[in-house]
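Undergrad: Just one file: query_32.tsv, with TSV, C-alpha atoms.
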chain	number	residue	atom	x	y	z
A	22	MET	CA	144.06	223.26	-223.30
A	23	ASN	CA	144.77	226.26	-221.08
A	24	LYS	CA	148.35	227.23	-220.38
A	25	VAL	CA	149.55	226.48	-216.84
A	26	VAL	CA	150.91	229.37	-214.78
A	27	LEU	CA	152.95	228.86	-211.61
A	28	ILE	CA	152.92	231.98	-209.42
A	29	THR	CA	155.19	231.92	-206.40
A	30	GLY	CA	154.13	233.76	-203.27
A	31	ALA	CA	150.61	233.92	-204.66
A	32	ALA	CA	148.39	233.64	-201.59
A	33	LYS	CA	148.02	237.38	-201.13
A	34	GLY	CA	149.00	240.82	-202.42
A	35	ILE	CA	150.38	241.15	-205.93
A	36	GLY	CA	150.64	237.38	-206.38
A	37	ALA	CA	146.95	236.84	-205.59
A	38	ALA	CA	145.96	239.66	-207.94
A	39	ILE	CA	147.97	238.04	-210.74
A	40	ALA	CA	146.35	234.67	-210.06
A	41	LEU	CA	142.84	236.13	-210.23
A	42	GLU	CA	143.48	238.16	-213.37
A	43	LEU	CA	145.06	235.26	-215.26
A	44	ALA	CA	142.35	232.83	-214.15
A	45	LYS	CA	139.78	235.28	-215.46
A	46	ASN	CA	141.58	235.10	-218.80
A	47	HIS	CA	141.48	231.29	-219.02
A	48	TYR	CA	144.88	230.32	-217.64
A	49	ASP	CA	145.19	227.36	-215.26
A	50	ILE	CA	146.79	228.48	-212.01
A	51	VAL	CA	149.20	227.02	-209.46
A	52	ILE	CA	149.27	229.02	-206.24
A	53	ASN	CA	152.58	228.56	-204.44
A	54	TYR	CA	152.71	229.73	-200.84
A	55	LEU	CA	154.88	229.23	-197.77
A	56	SER	CA	152.78	230.01	-194.69
A	57	SER	CA	149.47	231.59	-195.75
A	58	SER	CA	147.59	228.31	-196.23
A	59	ASP	CA	144.15	229.69	-195.37
A	60	LYS	CA	144.45	232.52	-197.86
A	61	ALA	CA	145.82	230.19	-200.54
A	62	LEU	CA	142.93	227.77	-200.14
A	63	GLN	CA	140.40	230.60	-200.14
A	64	LEU	CA	141.94	231.98	-203.34
A	65	GLN	CA	141.84	228.54	-204.94
A	66	GLN	CA	138.15	228.19	-204.09
A	67	THR	CA	137.39	231.63	-205.54
A	68	ILE	CA	139.21	230.84	-208.76
A	69	THR	CA	137.63	227.44	-209.35
A	70	SER	CA	134.10	228.55	-208.47
A	71	THR	CA	134.23	231.83	-210.37
A	72	TYR	CA	136.33	231.07	-213.44
A	73	GLY	CA	136.11	227.30	-213.85
A	74	VAL	CA	139.80	226.79	-214.62
A	75	ARG	CA	142.08	224.25	-213.04
A	76	CYS	CA	143.72	225.56	-209.89
A	77	MET	CA	145.93	223.91	-207.32
A	78	THR	CA	147.83	225.12	-204.28
A	79	TYR	CA	151.27	223.95	-203.24
A	80	GLN	CA	153.24	224.81	-200.13
A	81	ALA	CA	156.95	225.12	-200.81
A	82	ASP	CA	159.89	227.23	-199.76
A	83	VAL	CA	161.26	228.32	-203.13
A	84	SER	CA	164.69	228.95	-201.63
A	85	LYS	CA	165.05	225.19	-201.14
A	86	GLU	CA	165.89	223.33	-204.33
A	87	GLU	CA	164.43	220.04	-203.17
A	88	GLU	CA	161.07	221.63	-202.37
A	89	VAL	CA	160.94	223.30	-205.79
A	90	GLU	CA	161.76	219.95	-207.39
A	91	ALA	CA	158.88	218.27	-205.56
A	92	MET	CA	156.48	221.09	-206.41
A	93	VAL	CA	157.20	221.18	-210.13
A	94	SER	CA	157.19	217.38	-210.37
A	95	THR	CA	153.70	217.39	-208.85
A	96	ILE	CA	152.54	220.08	-211.29
A	97	GLU	CA	153.90	218.05	-214.20
A	98	LYS	CA	152.08	214.95	-212.97
A	99	GLU	CA	148.74	216.66	-212.28
A	100	MET	CA	148.64	219.51	-214.81
A	101	GLY	CA	151.17	218.64	-217.51
A	102	GLY	CA	153.93	221.10	-216.70
A	103	VAL	CA	154.59	224.80	-216.21
A	104	ASP	CA	154.16	226.92	-219.33
A	105	ILE	CA	154.48	230.29	-217.60
A	106	LEU	CA	156.39	231.11	-214.42
A	107	VAL	CA	155.87	234.26	-212.37
A	108	ASN	CA	158.63	234.61	-209.78
A	109	ASN	CA	156.81	236.76	-207.24
A	110	ALA	CA	157.79	235.28	-203.85
A	111	ALA	CA	159.71	237.80	-201.76
A	112	ILE	CA	160.40	238.89	-198.22
A	113	ASP	CA	161.37	242.33	-196.95
A	114	PRO	CA	162.53	242.23	-193.32
A	115	SER	CA	162.86	246.00	-192.98
A	116	ASN	CA	165.03	247.03	-190.07
A	117	LEU	CA	167.49	249.76	-189.15
A	118	PHE	CA	170.87	249.27	-190.83
A	119	HIS	CA	172.79	248.73	-187.62
A	120	LEU	CA	170.31	246.07	-186.49
A	121	LYS	CA	170.53	244.02	-189.68
A	122	THR	CA	172.23	240.65	-189.47
A	123	ALA	CA	174.08	238.60	-192.04
A	124	GLU	CA	171.52	235.85	-191.48
A	125	GLU	CA	168.70	238.24	-192.44
A	126	PHE	CA	170.64	239.32	-195.52
A	127	ARG	CA	171.22	235.73	-196.64
A	128	ARG	CA	167.57	234.77	-196.07
A	129	THR	CA	166.36	237.71	-198.15
A	130	LEU	CA	168.68	236.78	-201.01
A	131	ASP	CA	167.72	233.12	-200.71
A	132	VAL	CA	164.00	233.79	-201.10
A	133	ASN	CA	163.99	236.75	-203.49
A	134	LEU	CA	166.84	235.71	-205.77
A	135	VAL	CA	167.81	232.07	-205.30
A	136	GLY	CA	164.11	231.16	-205.23
A	137	ALA	CA	163.63	232.67	-208.69
A	138	TYR	CA	166.71	230.83	-209.93
A	139	ASN	CA	165.53	227.51	-208.49
A	140	CYS	CA	162.11	227.77	-210.10
A	141	SER	CA	163.42	228.98	-213.46
A	142	LYS	CA	166.01	226.22	-213.65
A	143	ARG	CA	163.42	223.57	-212.85
A	144	VAL	CA	160.78	224.61	-215.39
A	145	TYR	CA	162.86	225.64	-218.39
A	146	LYS	CA	163.41	222.18	-219.90
A	147	HIS	CA	159.68	221.63	-220.33
A	148	MET	CA	159.42	225.06	-221.94
A	149	LEU	CA	162.28	224.35	-224.33
A	150	GLN	CA	160.84	220.95	-225.29
A	151	GLN	CA	157.58	222.54	-226.34
A	152	GLU	CA	159.37	225.58	-227.82
A	153	TYR	CA	157.29	227.95	-225.72
A	154	GLY	CA	157.68	229.55	-222.32
A	155	ARG	CA	157.36	232.79	-220.42
A	156	ILE	CA	159.15	233.80	-217.23
A	157	ILE	CA	158.23	237.01	-215.44
A	158	ASN	CA	160.40	238.15	-212.52
A	159	ILE	CA	158.75	240.60	-210.12
A	160	SER	CA	161.59	242.95	-209.21
A	161	SER	CA	161.14	246.48	-207.83
A	162	THR	CA	162.12	250.08	-208.43
A	163	ASN	CA	164.19	249.45	-205.28
A	164	GLY	CA	166.40	247.34	-207.53
A	165	ILE	CA	166.98	250.19	-209.99
A	166	ASN	CA	167.71	253.45	-208.19
A	167	THR	CA	165.12	253.99	-205.48
A	168	TYR	CA	166.85	253.01	-202.27
A	169	TYR	CA	165.98	252.80	-198.57
A	170	PRO	CA	168.77	251.86	-196.09
A	171	MET	CA	166.31	249.99	-193.87
A	172	CYS	CA	165.75	247.48	-196.67
A	173	PHE	CA	169.14	247.41	-198.36
A	174	ASP	CA	169.08	243.61	-198.45
A	175	TYR	CA	165.72	243.70	-200.30
A	176	ASP	CA	167.09	246.35	-202.68
A	177	ALA	CA	170.16	244.23	-203.39
A	178	SER	CA	168.05	241.15	-204.07
A	179	LYS	CA	165.79	243.01	-206.50
A	180	ALA	CA	168.78	244.49	-208.37
A	181	ALA	CA	170.26	241.00	-208.64
A	182	LEU	CA	166.91	239.69	-209.92
A	183	ILE	CA	167.14	242.14	-212.82
A	184	SER	CA	170.61	240.82	-213.61
A	185	LEU	CA	169.26	237.27	-213.43
A	186	THR	CA	166.50	238.26	-215.85
A	187	HIS	CA	168.99	239.37	-218.48
A	188	ASN	CA	171.12	236.26	-218.10
A	189	LEU	CA	168.17	233.86	-218.23
A	190	ALA	CA	166.83	235.59	-221.34
A	191	MET	CA	170.15	235.01	-223.06
A	192	GLN	CA	170.36	231.42	-221.83
A	193	PHE	CA	166.80	230.41	-222.74
A	194	GLY	CA	166.30	232.13	-226.09
A	195	PRO	CA	164.78	231.93	-228.61
A	196	TYR	CA	161.77	230.03	-227.25
A	197	ILE	CA	161.47	231.37	-223.70
A	198	ASN	CA	160.88	235.06	-223.13
A	199	VAL	CA	162.20	236.33	-219.80
A	200	ASN	CA	161.20	239.78	-218.59
A	201	ALA	CA	161.14	241.66	-215.30
A	202	ILE	CA	158.53	244.00	-213.87
A	203	ALA	CA	159.67	246.65	-211.40
A	204	PRO	CA	156.72	247.93	-209.35
A	205	GLY	CA	157.02	251.06	-207.28
A	206	PHE	CA	154.82	251.64	-204.24
A	207	ILE	CA	151.87	249.25	-204.58
A	208	GLY	CA	149.13	249.63	-202.00
A	209	THR	CA	149.04	246.11	-200.63
A	210	GLU	CA	148.55	245.46	-196.93
A	211	SER	CA	152.12	244.21	-196.49
A	212	GLU	CA	153.55	247.11	-198.49
A	213	LEU	CA	152.00	249.83	-196.35
A	214	GLU	CA	152.09	248.28	-192.87
A	215	GLY	CA	154.78	249.42	-190.47
A	216	TYR	CA	155.20	252.90	-191.94
A	217	ASP	CA	153.90	256.07	-190.33
A	218	GLU	CA	151.48	258.34	-192.17
A	219	GLU	CA	154.02	261.12	-192.63
A	220	PHE	CA	156.44	258.82	-194.45
A	221	LEU	CA	153.69	257.38	-196.65
A	222	GLN	CA	152.49	260.88	-197.57
A	223	GLN	CA	156.03	261.95	-198.45
A	224	GLU	CA	156.47	258.91	-200.67
A	225	GLN	CA	153.13	259.48	-202.37
A	226	GLU	CA	154.19	263.02	-203.24
A	227	LYS	CA	157.13	261.52	-205.20
A	228	ILE	CA	154.68	259.76	-207.55
A	229	LEU	CA	153.53	261.82	-210.51
A	230	VAL	CA	150.01	260.38	-210.46
A	231	LYS	CA	149.83	261.15	-206.71
A	232	ARG	CA	148.63	257.74	-205.54
A	233	TYR	CA	149.92	254.27	-204.82
A	234	GLY	CA	149.50	251.57	-207.42
A	235	LYS	CA	146.98	248.75	-207.21
A	236	PRO	CA	147.95	245.07	-207.25
A	237	GLU	CA	145.55	244.61	-210.16
A	238	GLU	CA	147.57	247.07	-212.24
A	239	VAL	CA	150.65	244.90	-211.89
A	240	ALA	CA	148.52	241.89	-212.84
A	241	TYR	CA	147.38	243.64	-216.02
A	242	LEU	CA	151.01	244.10	-217.04
A	243	VAL	CA	151.80	240.45	-216.38
A	244	LYS	CA	148.77	239.47	-218.47
A	245	PHE	CA	150.06	241.55	-221.36
A	246	LEU	CA	153.66	240.30	-221.16
A	247	ILE	CA	152.60	236.65	-221.38
A	248	SER	CA	150.15	237.29	-224.22
A	249	GLU	CA	150.75	236.72	-227.92
A	250	GLU	CA	150.67	240.48	-228.42
A	251	ALA	CA	153.88	240.76	-226.39
A	252	LYS	CA	155.84	237.89	-227.92
A	253	TYR	CA	158.49	240.27	-229.30
A	254	ILE	CA	159.19	241.70	-225.84
A	255	ASN	CA	162.13	239.90	-224.27
A	256	ASN	CA	165.03	240.64	-221.91
A	257	THR	CA	163.32	243.82	-220.73
A	258	VAL	CA	162.63	245.52	-217.40
A	259	ILE	CA	159.38	247.47	-217.24
A	260	ARG	CA	158.72	249.90	-214.39
A	261	ILE	CA	155.17	250.31	-213.15
A	262	ASP	CA	155.43	253.11	-210.62
A	263	GLY	CA	153.14	255.99	-211.60
A	264	GLY	CA	156.17	258.07	-212.60
A	265	GLN	CA	157.96	257.76	-209.28
A	266	TYR	CA	160.80	260.26	-208.88
A	267	GLY	CA	164.21	258.67	-209.05
A	268	SER	CA	163.16	255.38	-210.63
A	269	ASN	CA	163.83	256.30	-214.26
Will you turn the file into structure tokens for me?
TA:
Amino acid sequence: MNKVVLITGAAKGIGAAIALELAKNHYDIVINYLSSSDKALQLQQTITSTYGVRCMTYQADVSKEEEVEAMVSTIEKEMGGVDILVNNAAIDPSNLFHLKTAEEFRRTLDVNLVGAYNCSKRVYKHMLQQEYGRIINISSTNGINTYYPMCFDYDASKAALISLTHNLAMQFGPYINVNAIAPGFIGTESELEGYDEEFLQQEQEKILVKRYGKPEEVAYLVKFLISEEAKYINNTVIRIDGGQYGSN
């Protein structure tokens, strides 16, 4: 039977690319989303019609423990449990520093960090019982040493997600591998919108390969990290940024 992968925030962008790539490689997929129901359903239809694997969608706010509990319980009932978790759900309410609010800061941490904690805590017992599990946390080079004051709350959440990765790896070993991926500038619609062309050109010049990454390239890395070939990789943060200045 195929392994079941829960991908949070999977209706679009990097999450959708991961869902498509893993479905193509015979994983069963759960698409978690919060508000993009049309895109989630369209993605589900594409996956089932093209790749013939099991695929379900589930609307849940991962920052809310009770909604994560209901989601994973449904997955266990309908698909047997979560074998692989990709904590991808994130928000980035970019704004000028002096316009940021504590409420915005808390909401960013709740989704980007507490959401990953909630999901990991809920799925790990099933993984331990079967002596197999993989958790991939989608962090960012913003969580290492590439910083932008207009998204300091996002940067803080992604740095904390790296810390969570290390702690979960220690807690869940030896059967569950926990790793983080830190993408740089990935050319998704949500990543590029809101910035002027001059800023985007300046940022592109900081990348050694002189282009933005593709969501599919992040998906390829996820595919590798959950494969048998990568079973000795654990408690690690891997940058995928084209050699972005300042992120090493």
Undergrad: Within 6 Å of range 134-144 of chain A, counting only C-alpha atoms, which residues show up once you throw out same-chain ones fewer than 2 positions away? Write them as a ChimeraX atom specification, please.
TA: /A:83-84,86,108,130-132,146-147,178,182
Undergrad: Report, in Å with one decimal, the straight-line distance from CA of Cys172 in chain A to CA of Leu106 in chain A.
TA: 25.9 Å
Undergrad: For Thr257 in chain A, which of A:Val25, A:Ile52, A:Leu189, A:Leu149 is the closest residue, counting all atoms listed in the file?
TA: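 The answer is A:Leu189, which sits nearest to Thr257 in chain A.
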Undergrad: What is the distance, in Å and to one decimal place, between CA of Val103 in chain A and CA of Tyr253 in chain A?
TA: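 Here the two named atoms are 20.6 Å from each other.
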Undergrad: Point out the residue among A:Glu226, A:Glu99, A:Asp113, A:Glu249 with the least atom-to-atom distance to Ile50 in chain A, counting all atoms listed in the file.
TA: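 Closest candidate: A:Glu99.
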Undergrad: From the block you just saw, export range 115-130 of chain A: all heavy atoms, as a PDB file, in the first residue's frame.
TA:
ATOM      1  N   SER A 115       3.588  40.725   5.220  1.00  0.00           N
ATOM      2  CA  SER A 115       4.635  41.743   5.117  1.00  0.00           C
ATOM      3  C   SER A 115       4.051  43.147   5.315  1.00  0.00           C
ATOM      4  O   SER A 115       3.017  43.483   4.739  1.00  0.00           O
ATOM      5  CB  SER A 115       5.330  41.652   3.759  1.00  0.00           C
ATOM      6  OG  SER A 115       5.986  40.407   3.631  1.00  0.00           O
ATOM      7  N   ASN A 116       4.735  43.912   6.112  1.00  0.00           N
ATOM      8  CA  ASN A 116       4.296  45.278   6.389  1.00  0.00           C
ATOM      9  C   ASN A 116       5.478  46.048   6.959  1.00  0.00           C
ATOM     10  O   ASN A 116       6.441  45.431   7.452  1.00  0.00           O
ATOM     11  CB  ASN A 116       3.135  45.270   7.388  1.00  0.00           C
ATOM     12  CG  ASN A 116       2.244  46.495   7.255  1.00  0.00           C
ATOM     13  OD1 ASN A 116       2.613  47.465   6.599  1.00  0.00           O
ATOM     14  ND2 ASN A 116       1.074  46.465   7.877  1.00  0.00           N
ATOM     15  N   LEU A 117       5.434  47.365   6.888  1.00  0.00           N
ATOM     16  CA  LEU A 117       6.501  48.165   7.470  1.00  0.00           C
ATOM     17  C   LEU A 117       6.579  47.911   8.969  1.00  0.00           C
ATOM     18  O   LEU A 117       5.556  47.707   9.642  1.00  0.00           O
ATOM     19  CB  LEU A 117       6.249  49.646   7.202  1.00  0.00           C
ATOM     20  CG  LEU A 117       6.283  50.060   5.721  1.00  0.00           C
ATOM     21  CD1 LEU A 117       5.899  51.531   5.583  1.00  0.00           C
ATOM     22  CD2 LEU A 117       7.652  49.795   5.110  1.00  0.00           C
ATOM     23  N   PHE A 118       7.792  47.943   9.511  1.00  0.00           N
ATOM     24  CA  PHE A 118       8.013  47.607  10.914  1.00  0.00           C
ATOM     25  C   PHE A 118       7.096  48.390  11.847  1.00  0.00           C
ATOM     26  O   PHE A 118       6.466  47.810  12.743  1.00  0.00           O
ATOM     27  CB  PHE A 118       9.479  47.857  11.277  1.00  0.00           C
ATOM     28  CG  PHE A 118       9.801  47.578  12.717  1.00  0.00           C
ATOM     29  CD1 PHE A 118      10.128  46.306  13.142  1.00  0.00           C
ATOM     30  CD2 PHE A 118       9.755  48.594  13.657  1.00  0.00           C
ATOM     31  CE1 PHE A 118      10.410  46.044  14.474  1.00  0.00           C
ATOM     32  CE2 PHE A 118      10.036  48.357  14.987  1.00  0.00           C
ATOM     33  CZ  PHE A 118      10.364  47.062  15.398  1.00  0.00           C
ATOM     34  N   HIS A 119       7.001  49.674  11.618  1.00  0.00           N
ATOM     35  CA  HIS A 119       6.244  50.505  12.559  1.00  0.00           C
ATOM     36  C   HIS A 119       4.733  50.297  12.432  1.00  0.00           C
ATOM     37  O   HIS A 119       3.968  50.786  13.273  1.00  0.00           O
ATOM     38  CB  HIS A 119       6.590  51.990  12.384  1.00  0.00           C
ATOM     39  CG  HIS A 119       6.157  52.581  11.092  1.00  0.00           C
ATOM     40  ND1 HIS A 119       6.875  52.430   9.923  1.00  0.00           N
ATOM     41  CD2 HIS A 119       5.067  53.337  10.756  1.00  0.00           C
ATOM     42  CE1 HIS A 119       6.257  53.056   8.953  1.00  0.00           C
ATOM     43  NE2 HIS A 119       5.155  53.610   9.427  1.00  0.00           N
ATOM     44  N   LEU A 120       4.295  49.596  11.399  1.00  0.00           N
ATOM     45  CA  LEU A 120       2.873  49.297  11.234  1.00  0.00           C
ATOM     46  C   LEU A 120       2.503  47.900  11.715  1.00  0.00           C
ATOM     47  O   LEU A 120       1.319  47.557  11.772  1.00  0.00           O
ATOM     48  CB  LEU A 120       2.478  49.450   9.755  1.00  0.00           C
ATOM     49  CG  LEU A 120       2.623  50.853   9.160  1.00  0.00           C
ATOM     50  CD1 LEU A 120       2.267  50.829   7.673  1.00  0.00           C
ATOM     51  CD2 LEU A 120       1.745  51.856   9.909  1.00  0.00           C
ATOM     52  N   LYS A 121       3.516  47.098  12.061  1.00  0.00           N
ATOM     53  CA  LYS A 121       3.240  45.753  12.564  1.00  0.00           C
ATOM     54  C   LYS A 121       2.516  45.827  13.910  1.00  0.00           C
ATOM     55  O   LYS A 121       2.725  46.745  14.700  1.00  0.00           O
ATOM     56  CB  LYS A 121       4.549  44.980  12.753  1.00  0.00           C
ATOM     57  CG  LYS A 121       5.250  44.609  11.464  1.00  0.00           C
ATOM     58  CD  LYS A 121       4.665  43.356  10.858  1.00  0.00           C
ATOM     59  CE  LYS A 121       5.512  42.877   9.698  1.00  0.00           C
ATOM     60  NZ  LYS A 121       4.929  41.679   9.059  1.00  0.00           N
ATOM     61  N   THR A 122       1.682  44.818  14.152  1.00  0.00           N
ATOM     62  CA  THR A 122       0.994  44.741  15.437  1.00  0.00           C
ATOM     63  C   THR A 122       1.345  43.433  16.130  1.00  0.00           C
ATOM     64  O   THR A 122       1.752  42.463  15.485  1.00  0.00           O
ATOM     65  CB  THR A 122      -0.534  44.794  15.254  1.00  0.00           C
ATOM     66  OG1 THR A 122      -0.959  43.613  14.551  1.00  0.00           O
ATOM     67  CG2 THR A 122      -0.941  46.032  14.460  1.00  0.00           C
ATOM     68  N   ALA A 123       1.175  43.418  17.431  1.00  0.00           N
ATOM     69  CA  ALA A 123       1.428  42.199  18.192  1.00  0.00           C
ATOM     70  C   ALA A 123       0.479  41.087  17.745  1.00  0.00           C
ATOM     71  O   ALA A 123       0.850  39.908  17.734  1.00  0.00           O
ATOM     72  CB  ALA A 123       1.278  42.472  19.687  1.00  0.00           C
ATOM     73  N   GLU A 124      -0.728  41.470  17.376  1.00  0.00           N
ATOM     74  CA  GLU A 124      -1.685  40.468  16.889  1.00  0.00           C
ATOM     75  C   GLU A 124      -1.184  39.799  15.613  1.00  0.00           C
ATOM     76  O   GLU A 124      -1.292  38.583  15.460  1.00  0.00           O
ATOM     77  CB  GLU A 124      -3.042  41.124  16.645  1.00  0.00           C
ATOM     78  CG  GLU A 124      -4.130  40.149  16.222  1.00  0.00           C
ATOM     79  CD  GLU A 124      -5.476  40.822  16.018  1.00  0.00           C
ATOM     80  OE1 GLU A 124      -5.575  42.034  16.281  1.00  0.00           O
ATOM     81  OE2 GLU A 124      -6.415  40.128  15.588  1.00  0.00           O
ATOM     82  N   GLU A 125      -0.635  40.592  14.687  1.00  0.00           N
ATOM     83  CA  GLU A 125      -0.048  40.037  13.465  1.00  0.00           C
ATOM     84  C   GLU A 125       1.090  39.085  13.795  1.00  0.00           C
ATOM     85  O   GLU A 125       1.220  38.010  13.205  1.00  0.00           O
ATOM     86  CB  GLU A 125       0.499  41.164  12.578  1.00  0.00           C
ATOM     87  CG  GLU A 125      -0.486  41.781  11.626  1.00  0.00           C
ATOM     88  CD  GLU A 125       0.192  42.792  10.719  1.00  0.00           C
ATOM     89  OE1 GLU A 125       1.188  43.419  11.127  1.00  0.00           O
ATOM     90  OE2 GLU A 125      -0.281  42.951   9.586  1.00  0.00           O
ATOM     91  N   PHE A 126       1.942  39.515  14.714  1.00  0.00           N
ATOM     92  CA  PHE A 126       3.096  38.708  15.111  1.00  0.00           C
ATOM     93  C   PHE A 126       2.632  37.359  15.666  1.00  0.00           C
ATOM     94  O   PHE A 126       3.131  36.298  15.273  1.00  0.00           O
ATOM     95  CB  PHE A 126       3.914  39.475  16.154  1.00  0.00           C
ATOM     96  CG  PHE A 126       5.349  39.043  16.262  1.00  0.00           C
ATOM     97  CD1 PHE A 126       6.274  39.870  16.878  1.00  0.00           C
ATOM     98  CD2 PHE A 126       5.794  37.825  15.771  1.00  0.00           C
ATOM     99  CE1 PHE A 126       7.607  39.500  16.998  1.00  0.00           C
ATOM    100  CE2 PHE A 126       7.123  37.437  15.882  1.00  0.00           C
ATOM    101  CZ  PHE A 126       8.027  38.279  16.494  1.00  0.00           C
ATOM    102  N   ARG A 127       1.668  37.393  16.566  1.00  0.00           N
ATOM    103  CA  ARG A 127       1.163  36.160  17.176  1.00  0.00           C
ATOM    104  C   ARG A 127       0.536  35.246  16.124  1.00  0.00           C
ATOM    105  O   ARG A 127       0.719  34.021  16.154  1.00  0.00           O
ATOM    106  CB  ARG A 127       0.156  36.485  18.273  1.00  0.00           C
ATOM    107  CG  ARG A 127       0.790  36.865  19.601  1.00  0.00           C
ATOM    108  CD  ARG A 127      -0.261  36.919  20.709  1.00  0.00           C
ATOM    109  NE  ARG A 127      -1.181  38.035  20.506  1.00  0.00           N
ATOM    110  CZ  ARG A 127      -1.004  39.245  21.029  1.00  0.00           C
ATOM    111  NH1 ARG A 127       0.057  39.498  21.781  1.00  0.00           N
ATOM    112  NH2 ARG A 127      -1.874  40.211  20.814  1.00  0.00           N
ATOM    113  N   ARG A 128      -0.235  35.822  15.193  1.00  0.00           N
ATOM    114  CA  ARG A 128      -0.884  35.006  14.170  1.00  0.00           C
ATOM    115  C   ARG A 128       0.150  34.329  13.283  1.00  0.00           C
ATOM    116  O   ARG A 128      -0.002  33.147  12.933  1.00  0.00           O
ATOM    117  CB  ARG A 128      -1.812  35.882  13.323  1.00  0.00           C
ATOM    118  CG  ARG A 128      -2.527  35.125  12.196  1.00  0.00           C
ATOM    119  CD  ARG A 128      -3.382  33.988  12.705  1.00  0.00           C
ATOM    120  NE  ARG A 128      -4.009  33.255  11.619  1.00  0.00           N
ATOM    121  CZ  ARG A 128      -4.543  32.043  11.741  1.00  0.00           C
ATOM    122  NH1 ARG A 128      -4.526  31.426  12.914  1.00  0.00           N
ATOM    123  NH2 ARG A 128      -5.103  31.453  10.716  1.00  0.00           N
ATOM    124  N   THR A 129       1.222  35.043  12.921  1.00  0.00           N
ATOM    125  CA  THR A 129       2.269  34.451  12.107  1.00  0.00           C
ATOM    126  C   THR A 129       2.935  33.288  12.829  1.00  0.00           C
ATOM    127  O   THR A 129       3.159  32.219  12.243  1.00  0.00           O
ATOM    128  CB  THR A 129       3.325  35.509  11.730  1.00  0.00           C
ATOM    129  OG1 THR A 129       2.676  36.584  11.055  1.00  0.00           O
ATOM    130  CG2 THR A 129       4.385  34.927  10.824  1.00  0.00           C
ATOM    131  N   LEU A 130       3.255  33.479  14.102  1.00  0.00           N
ATOM    132  CA  LEU A 130       3.849  32.399  14.881  1.00  0.00           C
ATOM    133  C   LEU A 130       2.883  31.229  15.043  1.00  0.00           C
ATOM    134  O   LEU A 130       3.282  30.057  14.978  1.00  0.00           O
ATOM    135  CB  LEU A 130       4.283  32.915  16.252  1.00  0.00           C
ATOM    136  CG  LEU A 130       5.455  33.889  16.276  1.00  0.00           C
ATOM    137  CD1 LEU A 130       5.676  34.398  17.691  1.00  0.00           C
ATOM    138  CD2 LEU A 130       6.723  33.235  15.750  1.00  0.00           C
TER     139      LEU A 130
END
